[in-house]
file my_file_32.txt (compact mmCIF, C-alpha atoms and all ligand atoms)
# COMPACT_ATOMS: atom_id res chain seq x y z
CA MET A 1 -98.73 -41.35 56.59
CA LYS A 2 -96.78 -41.39 53.35
CA HIS A 3 -94.53 -44.40 53.02
CA TYR A 4 -90.96 -43.82 51.89
CA PRO A 5 -88.90 -46.91 51.15
CA VAL A 6 -85.71 -46.15 53.09
CA MET A 7 -82.42 -45.73 51.15
CA LEU A 8 -84.06 -47.01 47.97
CA PRO A 9 -81.38 -45.84 45.46
CA GLU A 10 -78.65 -47.36 47.64
CA VAL A 11 -80.60 -50.64 47.99
CA LEU A 12 -81.05 -50.87 44.21
CA SER A 13 -77.41 -50.17 43.44
CA SER A 14 -76.21 -52.65 46.08
CA LEU A 15 -78.50 -55.34 44.68
CA SER A 16 -77.68 -54.39 41.05
CA MET A 17 -80.15 -56.90 39.62
CA ALA A 18 -79.60 -58.07 36.04
CA ASP A 19 -82.13 -59.43 33.55
CA GLY A 20 -83.16 -63.01 34.34
CA GLU A 21 -82.02 -62.85 37.98
CA THR A 22 -84.14 -63.51 41.10
CA CYS A 23 -84.28 -61.48 44.29
CA VAL A 24 -85.91 -62.23 47.65
CA ASP A 25 -87.45 -59.19 49.33
CA GLY A 26 -87.60 -60.64 52.84
CA THR A 27 -89.60 -57.73 54.31
CA PHE A 28 -92.19 -56.98 51.62
CA GLY A 29 -94.21 -54.46 53.71
CA ASN A 30 -95.72 -51.86 51.41
CA GLY A 31 -93.88 -53.35 48.44
CA GLY A 32 -91.74 -50.24 47.88
CA TYR A 33 -88.51 -52.19 47.36
CA SER A 34 -90.17 -55.04 45.42
CA GLU A 35 -91.77 -52.70 42.91
CA ALA A 36 -88.58 -50.71 42.38
CA ILE A 37 -86.52 -53.91 41.97
CA LEU A 38 -89.00 -55.21 39.38
CA ASN A 39 -88.64 -51.92 37.51
CA SER A 40 -84.83 -51.98 37.70
CA ALA A 41 -84.34 -55.04 35.41
CA ALA A 42 -86.28 -57.87 33.76
CA CYS A 43 -85.87 -59.87 36.96
CA SER A 44 -88.14 -61.80 39.34
CA VAL A 45 -88.95 -60.97 42.95
CA ILE A 46 -90.15 -63.30 45.69
CA GLY A 47 -91.62 -61.18 48.48
CA LEU A 48 -91.80 -62.52 52.04
CA ASP A 49 -93.67 -61.08 54.98
CA ARG A 50 -94.77 -62.56 58.29
CA ASP A 51 -97.78 -60.21 58.31
CA PRO A 52 -100.72 -61.59 56.27
CA ASN A 53 -102.14 -58.05 55.92
CA VAL A 54 -99.71 -57.27 53.10
CA GLN A 55 -101.59 -59.63 50.73
CA PRO A 56 -103.73 -56.98 48.93
CA ARG A 57 -100.61 -54.98 48.07
CA ALA A 58 -98.89 -58.18 46.89
CA ASP A 59 -101.91 -58.94 44.70
CA GLU A 60 -101.49 -55.54 43.03
CA LEU A 61 -97.88 -56.36 42.13
CA ALA A 62 -98.82 -59.85 40.94
CA THR A 63 -101.40 -58.28 38.63
CA ALA A 64 -98.94 -55.72 37.30
CA TYR A 65 -95.88 -58.00 36.95
CA GLY A 66 -97.43 -61.46 36.35
CA ASP A 67 -95.14 -64.42 37.00
CA SER A 68 -92.23 -62.14 37.87
CA PHE A 69 -93.64 -61.58 41.35
CA ARG A 70 -95.05 -63.75 44.13
CA LEU A 71 -95.50 -63.41 47.87
CA ILE A 72 -94.92 -66.06 50.52
CA ASN A 73 -96.41 -65.41 53.96
CA THR A 74 -93.53 -66.52 56.20
CA PRO A 75 -90.96 -65.09 58.57
CA PHE A 76 -87.72 -64.46 56.68
CA SER A 77 -85.81 -66.73 59.10
CA LYS A 78 -87.47 -69.59 57.17
CA MET A 79 -86.62 -68.38 53.66
CA ASP A 80 -84.51 -71.50 53.10
CA LYS A 81 -87.43 -73.78 54.03
CA VAL A 82 -90.05 -72.61 51.53
CA GLY A 83 -88.59 -73.97 48.31
CA ILE A 84 -86.37 -70.99 47.44
CA ASP A 85 -82.82 -71.72 46.26
CA ARG A 86 -79.89 -70.16 44.39
CA VAL A 87 -81.14 -66.60 44.25
CA ASP A 88 -79.07 -63.62 43.16
CA GLY A 89 -80.15 -61.12 45.80
CA VAL A 90 -81.72 -60.95 49.26
CA VAL A 91 -82.81 -57.70 50.83
CA LEU A 92 -84.04 -57.13 54.41
CA ASP A 93 -85.48 -53.86 55.71
CA ILE A 94 -85.88 -54.49 59.42
CA GLY A 95 -88.73 -53.17 61.57
CA VAL A 96 -92.38 -52.17 61.22
CA SER A 97 -94.04 -50.62 58.19
CA SER A 98 -95.97 -47.36 58.15
CA MET A 99 -99.03 -49.46 57.33
CA GLN A 100 -98.64 -51.42 60.57
CA LEU A 101 -98.10 -48.24 62.59
CA ASP A 102 -101.18 -46.66 61.03
CA GLN A 103 -103.53 -49.50 62.01
CA ALA A 104 -104.70 -48.73 65.55
CA GLU A 105 -105.97 -52.28 66.08
CA ARG A 106 -102.43 -53.68 65.69
CA GLY A 107 -101.27 -51.90 68.84
CA PHE A 108 -97.87 -50.73 67.52
CA SER A 109 -98.40 -47.03 68.02
CA PHE A 110 -98.71 -44.98 71.19
CA MET A 111 -100.39 -42.30 69.07
CA ARG A 112 -103.37 -44.51 68.20
CA GLU A 113 -105.52 -46.22 70.77
CA GLY A 114 -105.86 -49.95 70.23
CA PRO A 115 -105.29 -53.29 71.96
CA LEU A 116 -101.71 -53.67 73.20
CA ASP A 117 -100.80 -56.43 70.74
CA MET A 118 -97.77 -55.70 68.47
CA ARG A 119 -97.52 -59.20 66.96
CA MET A 120 -96.57 -58.83 63.30
CA GLU A 121 -97.98 -62.29 62.57
CA GLN A 122 -101.29 -61.41 64.23
CA GLY A 123 -101.59 -64.77 65.90
CA GLY A 124 -99.77 -67.22 68.17
CA GLY A 125 -97.25 -66.14 70.75
CA PRO A 126 -97.44 -63.60 73.55
CA THR A 127 -98.63 -60.04 72.95
CA ALA A 128 -97.16 -56.81 74.34
CA ARG A 129 -100.01 -56.87 76.84
CA ASP A 130 -98.92 -60.33 78.05
CA ALA A 131 -95.40 -58.96 78.51
CA VAL A 132 -96.37 -55.89 80.55
CA MET A 133 -98.87 -57.91 82.62
CA ALA A 134 -96.67 -60.96 83.36
CA LEU A 135 -92.99 -59.97 83.46
CA SER A 136 -91.16 -58.93 86.62
CA VAL A 137 -89.67 -55.50 87.24
CA SER A 138 -86.16 -56.74 86.42
CA GLU A 139 -87.27 -58.52 83.24
CA LEU A 140 -89.11 -55.43 81.98
CA THR A 141 -86.15 -53.27 82.97
CA ARG A 142 -83.78 -55.36 80.80
CA ILE A 143 -86.18 -55.21 77.84
CA PHE A 144 -86.49 -51.41 78.06
CA GLN A 145 -82.75 -50.94 78.67
CA VAL A 146 -81.47 -53.23 75.95
CA TYR A 147 -84.08 -53.03 73.20
CA GLY A 148 -85.21 -49.46 73.88
CA GLU A 149 -82.00 -47.89 75.25
CA GLU A 150 -84.28 -46.26 77.83
CA LYS A 151 -82.16 -44.62 80.53
CA ARG A 152 -84.86 -44.72 83.20
CA ALA A 153 -85.86 -48.28 82.43
CA ARG A 154 -86.17 -49.48 86.03
CA HIS A 155 -88.34 -46.53 87.01
CA VAL A 156 -90.69 -47.18 84.07
CA ALA A 157 -90.81 -50.91 84.91
CA ASN A 158 -91.66 -50.12 88.55
CA CYS A 159 -94.45 -47.78 87.47
CA ILE A 160 -95.88 -50.44 85.13
CA VAL A 161 -95.86 -53.10 87.82
CA SER A 162 -97.56 -50.85 90.36
CA ALA A 163 -100.12 -49.65 87.80
CA ARG A 164 -101.10 -53.22 86.89
CA GLU A 165 -101.84 -53.97 90.54
CA ASP A 166 -104.65 -51.37 90.33
CA SER A 167 -106.04 -52.33 86.94
CA ASP A 168 -105.09 -54.37 83.87
CA ILE A 169 -103.04 -52.68 81.17
CA VAL A 170 -105.09 -53.37 78.06
CA THR A 171 -104.60 -50.68 75.43
CA THR A 172 -101.78 -48.69 73.85
CA ALA A 173 -103.25 -45.59 75.54
CA ASP A 174 -103.10 -47.31 78.97
CA LEU A 175 -99.40 -48.02 78.54
CA ALA A 176 -98.54 -44.68 76.90
CA GLY A 177 -100.26 -42.92 79.84
CA ILE A 178 -98.30 -44.89 82.45
CA VAL A 179 -94.99 -44.19 80.71
CA GLU A 180 -95.83 -40.52 80.22
CA ARG A 181 -96.67 -40.14 83.91
CA ALA A 182 -93.45 -41.97 84.82
CA LEU A 183 -91.12 -39.96 82.60
CA GLY A 184 -92.91 -36.65 82.10
CA ARG A 185 -92.93 -34.86 78.77
CA ARG A 186 -89.64 -33.38 77.66
CA GLY A 187 -88.39 -32.60 74.17
CA LYS A 188 -90.03 -33.48 70.90
CA THR A 189 -90.06 -37.26 71.20
CA HIS A 190 -92.99 -38.86 73.01
CA PRO A 191 -91.71 -40.42 76.25
CA ALA A 192 -93.23 -43.79 75.31
CA THR A 193 -91.28 -44.11 72.03
CA ARG A 194 -88.45 -46.21 73.43
CA VAL A 195 -90.69 -48.43 75.57
CA PHE A 196 -92.95 -49.21 72.60
CA GLN A 197 -89.95 -49.96 70.39
CA ALA A 198 -88.51 -52.27 73.04
CA LEU A 199 -91.74 -54.23 73.45
CA ARG A 200 -92.14 -54.56 69.68
CA ILE A 201 -88.61 -55.97 69.32
CA PHE A 202 -89.27 -58.39 72.20
CA VAL A 203 -92.73 -59.57 71.09
CA ASN A 204 -91.51 -60.29 67.55
CA ASP A 205 -88.10 -61.68 68.61
CA GLU A 206 -86.67 -59.31 66.05
CA LEU A 207 -83.00 -59.86 66.88
CA GLY A 208 -83.32 -63.66 66.81
CA GLU A 209 -85.18 -63.39 63.50
CA LEU A 210 -82.46 -61.16 62.07
CA TYR A 211 -79.63 -63.55 62.94
CA LEU A 212 -81.53 -66.60 61.64
CA GLY A 213 -82.54 -64.64 58.52
CA LEU A 214 -78.89 -63.89 57.73
CA CYS A 215 -78.02 -67.60 58.14
CA ALA A 216 -80.95 -68.59 55.91
CA ALA A 217 -79.88 -66.04 53.26
CA GLU A 218 -76.37 -67.51 53.33
CA ARG A 219 -77.92 -70.91 52.43
CA ILE A 220 -80.05 -69.74 49.49
CA LEU A 221 -77.76 -67.21 47.81
CA ALA A 222 -75.94 -68.38 44.68
CA PRO A 223 -72.23 -67.52 44.34
CA GLY A 224 -72.05 -63.82 43.46
CA GLY A 225 -75.45 -63.19 45.12
CA ARG A 226 -75.82 -59.95 47.07
CA LEU A 227 -77.15 -59.74 50.64
CA VAL A 228 -78.37 -56.23 51.50
CA VAL A 229 -79.60 -55.36 55.00
CA VAL A 230 -81.06 -52.07 56.24
CA THR A 231 -81.26 -51.72 60.05
CA PHE A 232 -82.44 -48.96 62.38
CA HIS A 233 -81.03 -49.94 65.74
CA SER A 234 -77.43 -50.28 66.93
CA LEU A 235 -78.07 -53.80 68.24
CA GLU A 236 -79.37 -54.90 64.85
CA ASP A 237 -76.45 -53.32 63.05
CA ARG A 238 -74.03 -55.03 65.42
CA ILE A 239 -75.53 -58.43 64.57
CA VAL A 240 -75.23 -57.76 60.82
CA LYS A 241 -71.72 -56.32 61.09
CA SER A 242 -70.40 -59.20 63.17
CA PHE A 243 -72.12 -61.81 60.94
CA PHE A 244 -70.57 -60.25 57.83
CA ARG A 245 -67.10 -59.90 59.34
CA ARG A 246 -67.02 -63.47 60.56
CA ARG A 247 -68.23 -64.91 57.30
CA ALA A 248 -65.78 -62.74 55.38
CA GLY A 249 -62.95 -64.30 57.38
CA GLU A 250 -62.38 -61.32 59.64
CA VAL A 251 -62.90 -61.87 63.36
CA ALA A 252 -65.16 -59.25 64.90
CA GLY A 253 -65.03 -57.95 68.43
CA GLY A 254 -61.58 -58.83 69.76
CA SER A 255 -61.27 -58.00 73.46
CA ARG A 256 -58.87 -58.55 76.34
CA TYR A 257 -60.55 -61.91 76.96
CA ALA A 258 -60.99 -62.94 73.34
CA PRO A 259 -58.22 -61.24 71.40
CA GLU A 260 -58.47 -61.03 67.63
CA VAL A 261 -56.72 -64.06 66.20
CA GLU A 262 -55.75 -65.01 62.73
CA ASN A 263 -58.71 -66.80 61.19
CA ASN A 264 -57.89 -70.41 60.38
CA GLY A 265 -61.55 -71.33 60.17
CA PRO A 266 -63.63 -72.29 57.14
CA ALA A 267 -63.31 -70.47 53.82
CA ALA A 268 -65.10 -67.12 53.66
CA SER A 269 -68.72 -67.48 52.58
CA PHE A 270 -69.04 -63.75 51.84
CA THR A 271 -66.81 -60.97 50.60
CA LEU A 272 -67.38 -57.38 51.69
CA PRO A 273 -67.27 -54.62 49.11
CA LYS A 274 -64.94 -51.73 49.90
CA ARG A 275 -67.72 -49.60 51.24
CA SER A 276 -69.77 -52.16 53.11
CA VAL A 277 -71.78 -49.72 55.25
CA THR A 278 -73.81 -46.76 53.94
CA LYS A 279 -76.00 -44.18 55.69
CA PRO A 280 -78.87 -42.19 54.18
CA SER A 281 -78.18 -38.87 52.48
CA LYS A 282 -78.86 -35.58 54.28
CA THR A 283 -81.75 -34.90 51.91
CA GLU A 284 -83.36 -38.25 52.70
CA VAL A 285 -83.11 -37.63 56.45
CA GLU A 286 -84.73 -34.20 55.98
CA GLU A 287 -87.57 -35.71 53.96
CA ASN A 288 -88.11 -38.81 56.08
CA ALA A 289 -87.16 -38.66 59.74
CA ARG A 290 -87.52 -42.46 60.08
CA SER A 291 -84.42 -42.88 57.90
CA ARG A 292 -82.12 -40.99 60.29
CA SER A 293 -80.83 -44.06 62.10
CA ALA A 294 -80.72 -46.33 59.03
CA LYS A 295 -77.58 -48.25 58.10
CA LEU A 296 -77.23 -50.34 54.97
CA ARG A 297 -74.73 -53.17 54.80
CA VAL A 298 -73.97 -55.36 51.82
CA ALA A 299 -72.01 -58.58 51.36
CA VAL A 300 -71.48 -60.81 48.32
CA ARG A 301 -71.78 -64.61 48.55
CA THR A 302 -68.75 -66.69 47.55
CA GLU A 303 -68.71 -70.32 46.41
CA ALA A 304 -67.66 -71.56 49.84
CA ASP A 305 -69.91 -73.75 52.01
CA VAL A 306 -72.10 -72.12 54.64
CA PHE A 307 -70.63 -71.61 58.11
CA GLU A 308 -72.23 -73.95 60.59
CA ALA A 309 -71.07 -72.01 63.67
CA ASP A 310 -73.74 -70.67 66.01
CA ASP A 311 -72.28 -67.22 66.58
CA ARG A 312 -75.44 -65.30 67.37
CA LEU A 313 -74.53 -62.51 69.72
CA LEU A 314 -77.87 -61.98 71.35
CA PRO A 315 -78.11 -59.87 74.51
CA ASN A 316 -79.07 -61.49 77.79
CA VAL A 317 -82.79 -60.68 77.97
CA ILE A 318 -85.68 -63.01 78.84
CA SER A 319 -86.75 -64.91 75.74
CA LEU A 320 -90.19 -64.90 74.22
CA SER A 321 -90.49 -68.66 74.76
CA GLU A 322 -89.80 -68.23 78.49
CA LEU A 323 -92.70 -65.77 78.71
CA GLU A 324 -94.89 -68.08 76.60
CA ALA A 325 -94.22 -70.99 78.94
CA ARG A 326 -95.44 -68.90 81.86
CA LEU A 327 -98.78 -67.89 80.37
C1 LIG B 1 -90.04 -51.61 57.24
S1 LIG B 1 -91.25 -52.63 56.51
C2 LIG B 1 -90.60 -52.96 54.93
C3 LIG B 1 -90.95 -51.89 53.92
C4 LIG B 1 -90.55 -52.27 52.52
N1 LIG B 1 -89.12 -52.35 52.35
C5 LIG B 1 -91.13 -51.30 51.52
O1 LIG B 1 -90.36 -50.69 50.78
O2 LIG B 1 -92.35 -51.15 51.45
C6 LIG B 1 -90.98 -54.13 57.31
C7 LIG B 1 -91.93 -55.27 56.92
O3 LIG B 1 -91.24 -56.47 57.21
C8 LIG B 1 -92.08 -57.35 57.87
N2 LIG B 1 -91.22 -58.14 58.74
C9 LIG B 1 -90.57 -57.72 59.85
N3 LIG B 1 -89.87 -58.73 60.38
C10 LIG B 1 -90.08 -59.81 59.57
C11 LIG B 1 -89.63 -61.15 59.57
N4 LIG B 1 -88.81 -61.59 60.53
N5 LIG B 1 -90.02 -61.97 58.58
C12 LIG B 1 -90.85 -61.53 57.58
N6 LIG B 1 -91.33 -60.27 57.54
C13 LIG B 1 -90.95 -59.42 58.52
C14 LIG B 1 -93.08 -56.50 58.60
O4 LIG B 1 -94.27 -57.24 58.79
C15 LIG B 1 -93.23 -55.31 57.67
O5 LIG B 1 -94.30 -55.52 56.79
call {"tool": "encode", "arguments": {"input": "my_file_32.txt", "output": "structure tokens"}}
result
Amino acid sequence: MKHYPVMLPEVLSSLSMADGETCVDGTFGNGGYSEAILNSAACSVIGLDRDPNVQPRADELATAYGDSFRLINTPFSKMDKVGIDRVDGVVLDIGVSSMQLDQAERGFSFMREGPLDMRMEQGGGPTARDAVMALSVSELTRIFQVYGEEKRARHVANCIVSAREDSDIVTTADLAGIVERALGRRGKTHPATRVFQALRIFVNDELGELYLGLCAAERILAPGGRLVVVTFHSLEDRIVKSFFRRRAGEVAGGSRYAPEVENNGPAASFTLPKRSVTKPSKTEVEENARSRSAKLRVAVRTEADVFEADDRLLPNVISLSELEARL
């Protein structure tokens, strides 16, 4: 599968790196953004990835760009705890890479038979198999509904729980078969797409990571530093949008119960450029279907202190640690 870095021209212009500046590429992946950033100015890039498999690609960039590039194997939620400070740009491109999808043994893809794993870190923590084998019908239903936006979530969860009574669900093909039998085949999209996406988001705590990653970026960005985030899921975009609006001094999500009020809180730690959200061009969507749901948001760090508020707006779904405690 060819890898296209999503919205690359828009990412580069939002970051607008200058000579001598430093950028953190929090989701190194195939190195598409890192390489293009290094070519855009005489700047440095620190790549981060929680998946150790990206090392050979990182070694290629280190050979080509010398001291201007290095990789740290860490989740981006910890970018402020690995000795990085006062950087001029942070970019996050949320989700899995084509490399991860292509490797059958990682268990991300319903199109390739492999163990039902899906852990980006490849170690520690529950796997997708643990989730489908141990969670209750209602817990699986919530995961499929919320993270996968699967309309027939309860039906799929019921079918999984009755299938596992007959035999263990071990491989991607086992699960894809159960979901396909539950939902039937309609349209172009494989019926297991949403269930696989939901389990991947759950197993990697992707929404928690995203929120903590934004907070960590707020701590390490120098005044004037740009934070650029590309998301693919409405829940992810909502987290980024609400984080940006709150830190820019706007209050997001007023409702009957919590009406929008004038913000008398701390000084804004970010400003939002006029056009703070961008979508991919029609041509890009035609060339790379994966980009169709992408949204890019950018915010610029001010001199103000970081917000200490815990305003993560995470949906009410069983947490990974609750599952871990049960195993
Ligand atoms: C969509 S790919 C990034 C592709 C990259 N922008 C490029 O141009 O090649 C996402 C990568 O981010 C990594 N990743 C996802 N969540 C992460 C996290 N919380 N911390 C660190 N890396 C993460 C994945 O392991 C994967 O390699």
call {"tool": "closest_residue", "arguments": {"input": "my_file_32.txt", "among": "A:Ile220, A:Val87, A:Val229, A:Val137", "to": "ligand LIG 1 (chain B)", "atoms": "only C-alpha atoms and all ligand atoms"}}
result
A:Val229
call {"tool": "residues_near_ligand", "arguments": {"input": "my_file_32.txt", "ligand": "ligand LIG 1 (chain B)", "cutoff": "6 Å", "atoms": "only C-alpha atoms and all ligand atoms", "output": "PDB file with C-alpha atoms, in the coordinates of the input"}}
result
ATOM      1  CA  PRO A   5     -88.900 -46.910  51.150  1.00  0.00           C
ATOM      2  CA  GLY A  26     -87.600 -60.640  52.840  1.00  0.00           C
ATOM      3  CA  THR A  27     -89.600 -57.730  54.310  1.00  0.00           C
ATOM      4  CA  PHE A  28     -92.190 -56.980  51.620  1.00  0.00           C
ATOM      5  CA  GLY A  29     -94.210 -54.460  53.710  1.00  0.00           C
ATOM      6  CA  ASN A  30     -95.720 -51.860  51.410  1.00  0.00           C
ATOM      7  CA  GLY A  31     -93.880 -53.350  48.440  1.00  0.00           C
ATOM      8  CA  GLY A  32     -91.740 -50.240  47.880  1.00  0.00           C
ATOM      9  CA  TYR A  33     -88.510 -52.190  47.360  1.00  0.00           C
ATOM     10  CA  LEU A  48     -91.800 -62.520  52.040  1.00  0.00           C
ATOM     11  CA  ASP A  49     -93.670 -61.080  54.980  1.00  0.00           C
ATOM     12  CA  ARG A  50     -94.770 -62.560  58.290  1.00  0.00           C
ATOM     13  CA  ASP A  51     -97.780 -60.210  58.310  1.00  0.00           C
ATOM     14  CA  THR A  74     -93.530 -66.520  56.200  1.00  0.00           C
ATOM     15  CA  PRO A  75     -90.960 -65.090  58.570  1.00  0.00           C
ATOM     16  CA  PHE A  76     -87.720 -64.460  56.680  1.00  0.00           C
ATOM     17  CA  ASP A  93     -85.480 -53.860  55.710  1.00  0.00           C
ATOM     18  CA  ILE A  94     -85.880 -54.490  59.420  1.00  0.00           C
ATOM     19  CA  GLY A  95     -88.730 -53.170  61.570  1.00  0.00           C
ATOM     20  CA  VAL A  96     -92.380 -52.170  61.220  1.00  0.00           C
ATOM     21  CA  SER A  97     -94.040 -50.620  58.190  1.00  0.00           C
ATOM     22  CA  MET A 120     -96.570 -58.830  63.300  1.00  0.00           C
ATOM     23  CA  GLU A 209     -85.180 -63.390  63.500  1.00  0.00           C
TER      24      GLU A 209
END
call {"tool": "closest_atom_pairs", "arguments": {"input": "my_file_32.txt", "of": "region 48-145 of chain A", "to": "region 151-164 of chain A", "cutoff": "12 Å", "atoms": "all atoms listed in the file", "output": "CSV"}}
result
residue,atom,partner,partner_atom,distance
A:Arg129,CA,A:Arg164,CA,10.7
A:Asp130,CA,A:Arg164,CA,11.6
A:Ala131,CA,A:Ile160,CA,10.8
A:Val132,CA,A:Ile160,CA,7.1
A:Met133,CA,A:Arg164,CA,6.7
A:Ala134,CA,A:Val161,CA,9.1
A:Leu135,CA,A:Val161,CA,8.6
A:Ser136,CA,A:Val161,CA,7.6
A:Val137,CA,A:Ala157,CA,5.3
A:Ser138,CA,A:Arg154,CA,7.3
A:Glu139,CA,A:Ala157,CA,8.6
A:Leu140,CA,A:Ala157,CA,5.6
A:Thr141,CA,A:Arg154,CA,4.9
A:Arg142,CA,A:Ala153,CA,7.6
A:Ile143,CA,A:Ala153,CA,8.3
A:Phe144,CA,A:Ala153,CA,5.4
A:Gln145,CA,A:Ala153,CA,5.6
call {"tool": "write_last_selection", "arguments": {"input": "my_file_32.txt", "atoms": "C-alpha atoms", "output": "mmCIF file, in the coordinates of the input"}}
result
data_model
loop_
_atom_site.group_PDB
_atom_site.id
_atom_site.type_symbol
_atom_site.label_atom_id
_atom_site.label_comp_id
_atom_site.auth_asym_id
_atom_site.auth_seq_id
_atom_site.Cartn_x
_atom_site.Cartn_y
_atom_site.Cartn_z
ATOM 1 C CA ARG A 129 -100.010 -56.870 76.840
ATOM 2 C CA ASP A 130 -98.920 -60.330 78.050
ATOM 3 C CA ALA A 131 -95.400 -58.960 78.510
ATOM 4 C CA VAL A 132 -96.370 -55.890 80.550
ATOM 5 C CA MET A 133 -98.870 -57.910 82.620
ATOM 6 C CA ALA A 134 -96.670 -60.960 83.360
ATOM 7 C CA LEU A 135 -92.990 -59.970 83.460
ATOM 8 C CA SER A 136 -91.160 -58.930 86.620
ATOM 9 C CA VAL A 137 -89.670 -55.500 87.240
ATOM 10 C CA SER A 138 -86.160 -56.740 86.420
ATOM 11 C CA GLU A 139 -87.270 -58.520 83.240
ATOM 12 C CA LEU A 140 -89.110 -55.430 81.980
ATOM 13 C CA THR A 141 -86.150 -53.270 82.970
ATOM 14 C CA ARG A 142 -83.780 -55.360 80.800
ATOM 15 C CA ILE A 143 -86.180 -55.210 77.840
ATOM 16 C CA PHE A 144 -86.490 -51.410 78.060
ATOM 17 C CA GLN A 145 -82.750 -50.940 78.670
#
call {"tool": "atom_distance", "arguments": {"input": "my_file_32.txt", "atom1": "CA of Val24 (chain A)", "atom2": "CA of Val91 (chain A)"}}
result
6.3 Å
call {"tool": "atom_distance", "arguments": {"input": "my_file_32.txt", "atom1": "CA of Gly20 (chain A)", "atom2": "CA of Ile72 (chain A)"}}
result
20.2 Å
call {"tool": "atom_distance", "arguments": {"input": "my_file_32.txt", "atom1": "CA of Ser77 (chain A)", "atom2": "CA of Leu227 (chain A)"}}
result
14.0 Å
call {"tool": "closest_residue", "arguments": {"input": "my_file_32.txt", "among": "A:Ser16, A:Thr283, A:Ser98, A:Ser34", "to": "His3 (chain A)", "atoms": "all atoms listed in the file"}}
result
A:Ser98
call {"tool": "residues_around", "arguments": {"input": "my_file_32.txt", "residues": "Thr231 (chain A)", "least_positions_apart": "2", "cutoff": "6 Å", "atoms": "all atoms listed in the file", "output": "list in words"}}
result
Ile94, His233, Asp237, Ala294 and Lys295 of chain A
call {"tool": "closest_residue", "arguments": {"input": "my_file_32.txt", "among": "A:Leu101, A:Val90, A:Ala267, A:Leu12", "to": "Met118 (chain A)", "atoms": "all atoms listed in the file"}}
result
A:Leu101
call {"tool": "closest_atom_pairs", "arguments": {"input": "my_file_32.txt", "of": "region 74-115 of chain A", "to": "region 173-197 of chain A", "cutoff": "8 Å", "atoms": "all atoms listed in the file", "output": "tab-separated table"}}
result
residue	atom	partner	partner_atom	distance
A:Phe108	CA	A:Phe196	CA	7.2
A:Ser109	CA	A:Phe196	CA	7.4
A:Phe110	CA	A:Ala176	CA	5.7
A:Met111	CA	A:Ala173	CA	7.8
A:Arg112	CA	A:Ala173	CA	7.4
A:Glu113	CA	A:Ala173	CA	5.3
A:Gly114	CA	A:Ala173	CA	7.3
call {"tool": "residues_near_point", "arguments": {"input": "my_file_32.txt", "point": "(-83.7, -61.5, 77.6)", "cutoff": "9 Å", "atoms": "only C-alpha atoms", "output": "ChimeraX atom specification"}}
result
/A:139,142-143,146,202,314-320
call {"tool": "closest_residue", "arguments": {"input": "my_file_32.txt", "among": "A:Ile46, A:Val6, A:Asp166, A:Glu206", "to": "Ala289 (chain A)", "atoms": "all atoms listed in the file"}}
result
A:Val6
call {"tool": "residues_around", "arguments": {"input": "my_file_32.txt", "residues": "region 271-279 of chain A", "least_positions_apart": "5", "cutoff": "6 Å", "atoms": "all atoms listed in the file", "output": "JSON, numbers by chain"}}
result
{"A": [248, 295, 296, 297, 298, 299, 300]}
call {"tool": "write_last_selection", "arguments": {"input": "my_file_32.txt", "atoms": "C-alpha atoms", "output": "short mmCIF file (atom, residue, chain, number, x, y, z; two decimals), in the coordinates of the input"}}
result
data_model
loop_
_atom_site.label_atom_id
_atom_site.label_comp_id
_atom_site.auth_asym_id
_atom_site.auth_seq_id
_atom_site.Cartn_x
_atom_site.Cartn_y
_atom_site.Cartn_z
CA ALA A 248 -65.78 -62.74 55.38
CA LYS A 295 -77.58 -48.25 58.10
CA LEU A 296 -77.23 -50.34 54.97
CA ARG A 297 -74.73 -53.17 54.80
CA VAL A 298 -73.97 -55.36 51.82
CA ALA A 299 -72.01 -58.58 51.36
CA VAL A 300 -71.48 -60.81 48.32
#
call {"tool": "axis_aligned_box", "arguments": {"input": "my_file_32.txt", "around": "region 222-232 of chain A", "padding_each_side": "3 Å", "output": "lines of an AutoDock Vina configuration file"}}
result
center_x = -77.2
center_y = -58.7
center_z = 52.9
size_x = 16.4
size_y = 25.4
size_z = 24.9
call {"tool": "residues_around", "arguments": {"input": "my_file_32.txt", "residues": "region 212-214 of chain A", "least_positions_apart": "2", "cutoff": "8 Å", "atoms": "all atoms listed in the file", "output": "number ranges by chain"}}
result
A: 76-79, 208-210, 216-218, 240, 243
call {"tool": "build_atoms", "arguments": {"input": "my_file_32.txt", "residues": "region 207-212 of chain A", "atoms": "N, CA and C atoms", "output": "mmCIF file, keeping the file's coordinate frame"}}
result
data_model
loop_
_atom_site.group_PDB
_atom_site.id
_atom_site.type_symbol
_atom_site.label_atom_id
_atom_site.label_comp_id
_atom_site.auth_asym_id
_atom_site.auth_seq_id
_atom_site.Cartn_x
_atom_site.Cartn_y
_atom_site.Cartn_z
ATOM 1 N N LEU A 207 -84.447 -59.640 67.027
ATOM 2 C CA LEU A 207 -83.000 -59.860 66.880
ATOM 3 C C LEU A 207 -82.713 -61.321 66.532
ATOM 4 N N GLY A 208 -83.463 -62.241 67.150
ATOM 5 C CA GLY A 208 -83.320 -63.660 66.810
ATOM 6 C C GLY A 208 -83.661 -63.902 65.350
ATOM 7 N N GLU A 209 -84.759 -63.288 64.899
ATOM 8 C CA GLU A 209 -85.180 -63.390 63.500
ATOM 9 C C GLU A 209 -84.077 -62.898 62.557
ATOM 10 N N LEU A 210 -83.478 -61.756 62.939
ATOM 11 C CA LEU A 210 -82.460 -61.160 62.070
ATOM 12 C C LEU A 210 -81.283 -62.123 61.909
ATOM 13 N N TYR A 211 -80.786 -62.651 63.028
ATOM 14 C CA TYR A 211 -79.630 -63.550 62.940
ATOM 15 C C TYR A 211 -79.979 -64.785 62.098
ATOM 16 N N LEU A 212 -81.148 -65.392 62.378
ATOM 17 C CA LEU A 212 -81.530 -66.600 61.640
ATOM 18 C C LEU A 212 -81.805 -66.274 60.169
#
